[in-house]
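File shown here: model22.json, holding JSON, C-alpha atoms.
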[["chain", "number", "residue", "atom", "x", "y", "z"],
["A", 374, "MET", "CA", -141.28, 222.53, -113.63],
["A", 375, "THR", "CA", -137.80, 221.58, -112.37],
["A", 376, "ALA", "CA", -137.01, 217.87, -112.27],
["A", 377, "ASP", "CA", -136.52, 216.29, -108.85],
["A", 378, "ARG", "CA", -132.78, 215.81, -108.46],
["A", 379, "ASN", "CA", -133.41, 212.73, -106.34],
["A", 380, "GLU", "CA", -134.95, 210.94, -109.31],
["A", 381, "PRO", "CA", -132.97, 208.88, -111.86],
["A", 382, "ARG", "CA", -131.68, 211.23, -114.54],
["A", 383, "SER", "CA", -131.85, 209.46, -117.91],
["A", 384, "ALA", "CA", -131.87, 206.15, -119.74],
["A", 385, "GLY", "CA", -128.24, 206.81, -120.60],
["A", 386, "THR", "CA", -127.27, 206.17, -117.00],
["A", 387, "ASP", "CA", -129.17, 202.89, -116.59],
["A", 388, "GLY", "CA", -125.85, 201.08, -116.19],
["A", 389, "LEU", "CA", -125.40, 202.74, -112.80],
["A", 390, "ARG", "CA", -128.24, 200.75, -111.24],
["A", 391, "GLY", "CA", -126.67, 198.25, -108.89],
["A", 392, "ALA", "CA", -123.15, 199.52, -109.64],
["A", 393, "GLY", "CA", -120.65, 199.82, -106.80],
["A", 394, "VAL", "CA", -119.67, 203.49, -106.51],
["A", 395, "VAL", "CA", -117.12, 205.06, -104.16],
["A", 396, "VAL", "CA", -117.06, 208.82, -103.62],
["A", 397, "THR", "CA", -114.13, 210.27, -101.68],
["A", 398, "GLY", "CA", -114.40, 213.59, -99.89],
["A", 399, "ALA", "CA", -118.15, 213.02, -99.73],
["A", 400, "GLY", "CA", -118.85, 214.48, -96.30],
["A", 401, "GLY", "CA", -120.17, 217.65, -97.94],
["A", 402, "GLY", "CA", -120.05, 219.84, -101.03],
["A", 403, "ILE", "CA", -119.55, 218.27, -104.44],
["A", 404, "GLY", "CA", -118.78, 214.84, -102.98],
["A", 405, "ALA", "CA", -122.03, 214.67, -101.04],
["A", 406, "ALA", "CA", -123.95, 215.81, -104.12],
["A", 407, "LEU", "CA", -122.32, 213.09, -106.22],
["A", 408, "ALA", "CA", -123.07, 210.44, -103.60],
["A", 409, "ARG", "CA", -126.72, 211.50, -103.45],
["A", 410, "ARG", "CA", -127.04, 211.43, -107.23],
["A", 411, "PHE", "CA", -125.47, 208.01, -107.66],
["A", 412, "ALA", "CA", -127.72, 206.67, -104.89],
["A", 413, "ALA", "CA", -130.74, 208.13, -106.69],
["A", 414, "GLU", "CA", -129.63, 206.28, -109.82],
["A", 415, "GLY", "CA", -129.81, 203.00, -107.90],
["A", 416, "ALA", "CA", -126.09, 202.55, -107.30],
["A", 417, "ARG", "CA", -124.62, 200.96, -104.19],
["A", 418, "VAL", "CA", -122.65, 203.87, -102.78],
["A", 419, "VAL", "CA", -119.71, 204.09, -100.41],
["A", 420, "VAL", "CA", -119.32, 207.50, -98.77],
["A", 421, "ASN", "CA", -115.74, 208.33, -97.81],
["A", 422, "ASP", "CA", -114.42, 211.35, -95.93],
["A", 423, "LEU", "CA", -111.73, 212.10, -93.36],
["A", 424, "ASP", "CA", -114.44, 213.26, -90.94],
["A", 425, "PRO", "CA", -116.21, 210.14, -89.56],
["A", 426, "GLU", "CA", -119.29, 212.03, -88.39],
["A", 427, "ARG", "CA", -119.88, 213.73, -91.72],
["A", 428, "THR", "CA", -119.25, 210.44, -93.51],
["A", 429, "LYS", "CA", -121.84, 208.67, -91.38],
["A", 430, "ALA", "CA", -124.41, 211.47, -91.72],
["A", 431, "VAL", "CA", -124.35, 211.49, -95.54],
["A", 432, "ALA", "CA", -124.35, 207.68, -95.71],
["A", 433, "GLU", "CA", -127.35, 207.40, -93.40],
["A", 434, "GLU", "CA", -129.21, 210.09, -95.34],
["A", 435, "ILE", "CA", -128.97, 208.22, -98.66],
["A", 436, "GLY", "CA", -128.86, 204.61, -97.48],
["A", 437, "ALA", "CA", -125.18, 204.20, -98.36],
["A", 438, "LEU", "CA", -122.16, 202.64, -96.71],
["A", 439, "ALA", "CA", -119.83, 204.77, -94.62],
["A", 440, "VAL", "CA", -116.09, 204.17, -94.93],
["A", 441, "PRO", "CA", -114.23, 207.08, -93.31],
["A", 442, "GLY", "CA", -110.50, 207.55, -93.72],
["A", 443, "ASP", "CA", -107.74, 208.82, -95.97],
["A", 444, "ALA", "CA", -108.85, 208.73, -99.61],
["A", 445, "SER", "CA", -105.36, 207.54, -100.59],
["A", 446, "ALA", "CA", -105.70, 204.27, -98.71],
["A", 447, "VAL", "CA", -109.35, 203.31, -98.66],
["A", 448, "VAL", "CA", -109.75, 201.18, -101.80],
["A", 449, "ASP", "CA", -109.53, 197.80, -100.07],
["A", 450, "GLU", "CA", -111.88, 198.78, -97.25],
["A", 451, "ALA", "CA", -114.41, 200.23, -99.71],
["A", 452, "ARG", "CA", -114.19, 197.10, -101.85],
["A", 453, "GLU", "CA", -114.90, 194.89, -98.86],
["A", 454, "ALA", "CA", -117.82, 197.09, -97.79],
["A", 455, "LEU", "CA", -119.37, 196.61, -101.23],
["A", 456, "GLY", "CA", -118.85, 192.86, -101.26],
["A", 457, "GLY", "CA", -115.24, 192.06, -102.09],
["A", 458, "THR", "CA", -113.35, 191.53, -105.34],
["A", 459, "GLY", "CA", -114.97, 193.12, -108.37],
["A", 460, "ALA", "CA", -117.36, 195.20, -106.30],
["A", 461, "ILE", "CA", -116.13, 198.67, -107.32],
["A", 462, "ASP", "CA", -117.42, 199.84, -110.69],
["A", 463, "VAL", "CA", -117.03, 203.61, -110.32],
["A", 464, "TRP", "CA", -114.40, 205.51, -108.35],
["A", 465, "CYS", "CA", -114.96, 209.23, -107.78],
["A", 466, "ALA", "CA", -111.62, 210.79, -106.80],
["A", 467, "ASN", "CA", -113.27, 213.85, -105.33],
["A", 468, "ALA", "CA", -111.32, 214.58, -102.15],
["A", 469, "GLY", "CA", -109.35, 217.76, -102.65],
["A", 470, "LEU", "CA", -107.34, 220.36, -100.81],
["A", 471, "SER", "CA", -107.68, 224.09, -101.35],
["A", 472, "SER", "CA", -104.14, 225.48, -101.09],
["A", 473, "PRO", "CA", -103.74, 229.24, -101.43],
["A", 474, "GLY", "CA", -100.28, 230.74, -101.61],
["A", 475, "ASP", "CA", -97.66, 231.89, -104.07],
["A", 476, "ALA", "CA", -94.29, 230.50, -105.17],
["A", 477, "PHE", "CA", -93.02, 231.14, -101.64],
["A", 478, "ALA", "CA", -95.61, 228.89, -99.96],
["A", 479, "ASP", "CA", -94.04, 226.48, -97.47],
["A", 480, "GLU", "CA", -92.77, 223.14, -98.75],
["A", 481, "ASP", "CA", -95.35, 221.29, -96.66],
["A", 482, "VAL", "CA", -98.18, 223.26, -98.33],
["A", 483, "TRP", "CA", -96.90, 222.23, -101.76],
["A", 484, "ALA", "CA", -96.41, 218.63, -100.64],
["A", 485, "ALA", "CA", -99.90, 218.38, -99.14],
["A", 486, "ALA", "CA", -101.52, 219.82, -102.28],
["A", 487, "TRP", "CA", -99.67, 217.36, -104.49],
["A", 488, "ASP", "CA", -100.42, 214.42, -102.20],
["A", 489, "VAL", "CA", -104.17, 215.02, -101.93],
["A", 490, "ASN", "CA", -104.94, 216.52, -105.34],
["A", 491, "VAL", "CA", -102.75, 214.22, -107.46],
["A", 492, "MET", "CA", -101.20, 211.27, -105.66],
["A", 493, "ALA", "CA", -104.48, 210.16, -104.05],
["A", 494, "HIS", "CA", -105.78, 209.70, -107.62],
["A", 495, "VAL", "CA", -102.64, 207.82, -108.64],
["A", 496, "ARG", "CA", -102.83, 205.50, -105.62],
["A", 497, "ALA", "CA", -106.50, 204.74, -106.24],
["A", 498, "ALA", "CA", -105.81, 203.97, -109.90],
["A", 499, "ARG", "CA", -102.95, 201.63, -108.98],
["A", 500, "ALA", "CA", -105.29, 199.65, -106.74],
["A", 501, "LEU", "CA", -108.22, 199.59, -109.16],
["A", 502, "LEU", "CA", -106.67, 199.19, -112.61],
["A", 503, "PRO", "CA", -105.52, 195.54, -112.45],
["A", 504, "GLU", "CA", -109.05, 194.33, -111.74],
["A", 505, "TRP", "CA", -110.72, 196.75, -114.15],
["A", 506, "LEU", "CA", -108.38, 195.95, -117.02],
["A", 507, "GLU", "CA", -108.78, 192.23, -116.46],
["A", 508, "ARG", "CA", -112.54, 192.42, -116.72],
["A", 509, "GLY", "CA", -112.56, 195.17, -119.39],
["A", 510, "SER", "CA", -114.63, 197.78, -117.56],
["A", 511, "GLY", "CA", -114.36, 200.47, -114.91],
["A", 512, "ARG", "CA", -115.07, 204.18, -114.49],
["A", 513, "PHE", "CA", -112.70, 206.73, -112.92],
["A", 514, "VAL", "CA", -114.12, 210.17, -112.12],
["A", 515, "SER", "CA", -111.62, 212.89, -111.24],
["A", 516, "THR", "CA", -112.89, 216.09, -109.63],
["A", 517, "VAL", "CA", -110.33, 218.52, -110.99],
["A", 518, "SER", "CA", -111.34, 222.22, -111.29],
["A", 519, "ALA", "CA", -111.32, 224.83, -114.00],
["A", 520, "ALA", "CA", -107.99, 225.74, -112.37],
["A", 521, "GLY", "CA", -106.66, 222.50, -113.86],
["A", 522, "LEU", "CA", -107.45, 223.76, -117.36],
["A", 523, "LEU", "CA", -106.72, 227.44, -116.73],
["A", 524, "THR", "CA", -105.27, 228.67, -113.43],
["A", 525, "MET", "CA", -106.35, 230.45, -110.25],
["A", 526, "ILE", "CA", -104.87, 233.67, -108.95],
["A", 527, "GLY", "CA", -103.47, 233.56, -105.43],
["A", 528, "ALA", "CA", -103.27, 229.77, -105.35],
["A", 529, "ALA", "CA", -100.09, 228.41, -106.89],
["A", 530, "PRO", "CA", -100.06, 225.02, -105.07],
["A", 531, "TYR", "CA", -103.74, 224.47, -105.88],
["A", 532, "SER", "CA", -103.43, 225.48, -109.54],
["A", 533, "VAL", "CA", -100.30, 223.45, -110.20],
["A", 534, "SER", "CA", -101.61, 220.31, -108.48],
["A", 535, "LYS", "CA", -104.95, 220.57, -110.26],
["A", 536, "HIS", "CA", -103.11, 220.73, -113.58],
["A", 537, "GLY", "CA", -101.48, 217.49, -112.46],
["A", 538, "ALA", "CA", -104.84, 215.93, -111.62],
["A", 539, "TYR", "CA", -106.18, 216.81, -115.05],
["A", 540, "ALA", "CA", -103.06, 215.48, -116.76],
["A", 541, "PHE", "CA", -103.36, 212.17, -114.93],
["A", 542, "ALA", "CA", -107.05, 211.79, -115.83],
["A", 543, "GLU", "CA", -106.24, 212.57, -119.46],
["A", 544, "TRP", "CA", -103.39, 210.05, -119.43],
["A", 545, "LEU", "CA", -105.65, 207.34, -117.99],
["A", 546, "SER", "CA", -108.24, 207.95, -120.68],
["A", 547, "LEU", "CA", -105.89, 207.92, -123.67],
["A", 548, "THR", "CA", -103.98, 204.91, -122.36],
["A", 549, "TYR", "CA", -106.81, 202.58, -121.35],
["A", 550, "ARG", "CA", -110.02, 203.58, -123.16],
["A", 551, "HIS", "CA", -109.61, 200.75, -125.68],
["A", 552, "ARG", "CA", -109.50, 198.35, -122.72],
["A", 553, "GLY", "CA", -112.85, 199.44, -121.30],
["A", 554, "LEU", "CA", -111.85, 202.21, -118.91],
["A", 555, "LYS", "CA", -114.13, 205.26, -118.86],
["A", 556, "VAL", "CA", -112.65, 208.46, -117.42],
["A", 557, "HIS", "CA", -114.32, 211.78, -116.63],
["A", 558, "ALA", "CA", -112.58, 214.99, -115.55],
["A", 559, "ILE", "CA", -114.91, 217.44, -113.78],
["A", 560, "CYS", "CA", -113.70, 221.03, -114.17],
["A", 561, "PRO", "CA", -116.07, 223.55, -112.57],
["A", 562, "GLN", "CA", -115.29, 227.13, -111.66],
["A", 563, "GLY", "CA", -116.84, 228.42, -108.42],
["A", 564, "VAL", "CA", -119.10, 226.02, -106.53],
["A", 565, "ARG", "CA", -120.87, 227.06, -103.33],
["A", 566, "THR", "CA", -118.91, 224.89, -100.92],
["A", 567, "ASP", "CA", -116.47, 225.34, -98.04],
["A", 568, "MET", "CA", -113.65, 225.35, -100.60],
["A", 569, "LEU", "CA", -115.05, 228.51, -102.21],
["A", 570, "THR", "CA", -115.12, 230.17, -98.80],
["A", 571, "ALA", "CA", -111.52, 229.10, -98.23],
["A", 572, "ALA", "CA", -110.49, 230.83, -101.47],
["A", 573, "GLY", "CA", -110.95, 234.16, -99.69],
["A", 574, "SER", "CA", -110.83, 237.47, -101.55],
["A", 575, "ALA", "CA", -109.48, 235.87, -104.74],
["A", 576, "GLY", "CA", -112.45, 233.52, -104.79],
["A", 577, "GLU", "CA", -114.82, 236.40, -104.17],
["A", 578, "LEU", "CA", -113.39, 238.25, -107.16],
["A", 579, "VAL", "CA", -113.02, 235.42, -109.67],
["A", 580, "LEU", "CA", -115.33, 232.58, -108.64],
["A", 581, "ALA", "CA", -118.25, 233.85, -106.56],
["A", 582, "PRO", "CA", -120.05, 235.87, -109.27],
["A", 583, "THR", "CA", -120.80, 232.74, -111.33],
["A", 584, "ALA", "CA", -120.80, 230.15, -108.54],
["A", 585, "ILE", "CA", -123.18, 227.22, -108.89],
["A", 586, "GLU", "CA", -124.56, 224.63, -106.48],
["A", 587, "PRO", "CA", -122.89, 221.23, -105.91],
["A", 588, "GLU", "CA", -125.99, 219.59, -107.37],
["A", 589, "ASP", "CA", -125.31, 221.34, -110.68],
["A", 590, "VAL", "CA", -121.92, 219.61, -110.78],
["A", 591, "ALA", "CA", -123.61, 216.25, -110.20],
["A", 592, "ASP", "CA", -126.04, 217.04, -113.04],
["A", 593, "ALA", "CA", -123.13, 217.77, -115.37],
["A", 594, "LEU", "CA", -121.37, 214.52, -114.49],
["A", 595, "LEU", "CA", -124.46, 212.40, -115.08],
["A", 596, "ASP", "CA", -124.95, 214.10, -118.44],
["A", 597, "ALA", "CA", -121.32, 213.32, -119.33],
["A", 598, "ILE", "CA", -121.71, 209.69, -118.29],
["A", 599, "ALA", "CA", -124.82, 209.38, -120.46],
["A", 600, "ALA", "CA", -122.96, 210.95, -123.40],
["A", 601, "ASP", "CA", -119.70, 209.04, -122.72],
["A", 602, "ARG", "CA", -117.84, 212.37, -122.56],
["A", 603, "PHE", "CA", -114.44, 212.82, -120.88],
["A", 604, "LEU", "CA", -114.47, 216.55, -120.11],
["A", 605, "VAL", "CA", -117.20, 217.69, -117.74],
["A", 606, "LEU", "CA", -117.79, 221.45, -117.74],
["A", 607, "PRO", "CA", -120.49, 222.53, -115.28],
["A", 608, "HIS", "CA", -119.61, 226.09, -116.40],
["A", 609, "PRO", "CA", -119.83, 225.76, -120.23],
["A", 610, "GLU", "CA", -118.00, 229.06, -120.73],
["A", 611, "VAL", "CA", -114.79, 227.38, -119.52],
["A", 612, "ALA", "CA", -114.53, 225.73, -122.95],
["A", 613, "GLY", "CA", -114.09, 229.16, -124.52],
["A", 614, "TYR", "CA", -111.52, 230.25, -121.96],
["A", 615, "TYR", "CA", -109.58, 227.02, -122.52],
["A", 616, "ARG", "CA", -109.68, 227.54, -126.27],
["A", 617, "ASN", "CA", -108.44, 231.13, -125.90],
["A", 618, "ARG", "CA", -105.62, 229.99, -123.63],
["A", 619, "ALA", "CA", -104.46, 227.47, -126.24],
["A", 620, "THR", "CA", -104.82, 229.62, -129.35],
["A", 621, "ASP", "CA", -103.63, 233.00, -128.01],
["A", 622, "PRO", "CA", -101.63, 232.46, -124.82],
["A", 623, "GLU", "CA", -100.16, 235.97, -124.77],
["A", 624, "ARG", "CA", -103.58, 237.58, -124.79],
["A", 625, "TRP", "CA", -104.89, 235.10, -122.23],
["A", 626, "LEU", "CA", -101.94, 235.70, -119.89],
["A", 627, "GLY", "CA", -102.41, 239.44, -120.26],
["A", 628, "THR", "CA", -106.06, 239.14, -119.33],
["A", 629, "MET", "CA", -105.25, 237.00, -116.29],
["A", 630, "ASN", "CA", -102.51, 239.42, -115.24],
["A", 631, "HIS", "CA", -105.12, 242.19, -115.35],
["A", 632, "VAL", "CA", -107.26, 240.11, -112.99],
["A", 633, "GLN", "CA", -104.20, 239.62, -110.77],
["A", 634, "ARG", "CA", -103.54, 243.37, -110.64],
["A", 635, "THR", "CA", -107.20, 244.06, -109.90],
["A", 636, "TRP", "CA", -106.95, 241.69, -106.97],
["A", 637, "GLU", "CA", -103.69, 243.21, -105.74],
["A", 638, "THR", "CA", -105.12, 246.72, -105.72],
["A", 639, "GLY", "CA", -108.44, 245.67, -104.21],
["A", 640, "ALA", "CA", -109.42, 245.77, -100.58],
["A", 641, "GLY", "CA", -109.21, 242.08, -99.90],
["A", 642, "ARG", "CA", -105.73, 240.88, -100.81],
["A", 643, "PRO", "CA", -103.87, 239.55, -97.75]]

Please lay out the structure from this file as structure tokens.
Amino acid sequence: MTADRNEPRSAGTDGLRGAGVVVTGAGGGIGAALARRFAAEGARVVVNDLDPERTKAVAEEIGALAVPGDASAVVDEAREALGGTGAIDVWCANAGLSSPGDAFADEDVWAAAWDVNVMAHVRAARALLPEWLERGSGRFVSTVSAAGLLTMIGAAPYSVSKHGAYAFAEWLSLTYRHRGLKVHAICPQGVRTDMLTAAGSAGELVLAPTAIEPEDVADALLDAIAADRFLVLPHPEVAGYYRNRATDPERWLGTMNHVQRTWETGAGRP
């Protein structure tokens, strides 16, 4: 019998009960799944999204607080919604931008990908770290992508910016873990969300065959929190791909180039 995903997951996540949790980009997809899971664990959840209606709908569904707006500039408002100074215990930097294109993508496409996928995380950390480091605790969750560990064909701005998001999460963890900061980098492959649809024919080729549900990503994060594990791999096979990339880059690049050529000669490439 499958466990009810709306029930608390394990004793290892007991510390989430009563915690103040903010999830950006939570109007749907992975963000909404994370918000639902944290609410089920007894956390006090702030749902954030650019779309006010979607923000309100998810918040009302799970008994959370709705704070719509730009994820880069919502820390203070979310803090106040939860009760003021010290109220945020967990920040889920989940808002992301799917940015297909090659090296010739417009400058504004590159800038938007970097701003949303990297700088929104940096800005949130700047606002949260002074308080967290002073009290010696805090948890930063970065929704990255397997593209941040590997790459994604047909999506140079997305792949490069997701590498940046992973690098920043890694830097936060190695710099501040001895001062009480917990960091988790979520790196799934295909997830059945609007972002997978936006990936087009490349997503259909590479991601769709093994795509999972957003709730599976939430499961993986809660398991990682319980185990105090930095790297969250909802697709466990990504660990092997990452290892191959590091130990035999020529072979890995050759394999990925084969995937690229398959895509180029297929019916779907734009």

Checklist entry - Nearest to A:Gln562: which of A:Ala575, A:Leu580, A:Leu545, A:Ala485 is it, counting all atoms listed in the file? => result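 Smallest distance to A:Gln562 is found for A:Leu580.
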
Checklist entry - Could you work out how far atom CA of A:Ala520 lies from atom CA of A:Ala486, giving the answer in Å with one decimal? => result 13.4 Å

Next on the checklist: With all atoms listed in the file as the counted atoms, please give the residues lying no more than 12 Å from A:Val440, apart from itself and same-chain residues fewer than 2 positions off, as a PyMOL selection string.
Outcome noted: chain A and resi 395-400+418-433+437-438+442-444+446-455

Item to check | Atomic separation - atom CA of A:Leu506 relative to atom CA of A:Thr458, Å | outcome: 13.4 Å

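In this comparison, which uses all atoms listed in the file, the residue of A:Trp505, A:Pro473, A:Arg602, A:Ala460 approaching A:Ser574 most closely is A:Pro473.
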
Checklist entry - Of the candidates A:Gly459, A:Arg618, A:Gly553, A:Glu577, which one gets nearest to A:Val394 if we count all atoms listed in the file? => result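 Of all the options, A:Gly459 lies closest to A:Val394.
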
Checklist entry - What is the atom CA of A:Ile585 to atom CA of A:Ala416 distance in Å? => result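 Rounded to one decimal, the two atoms are 24.9 Å apart.
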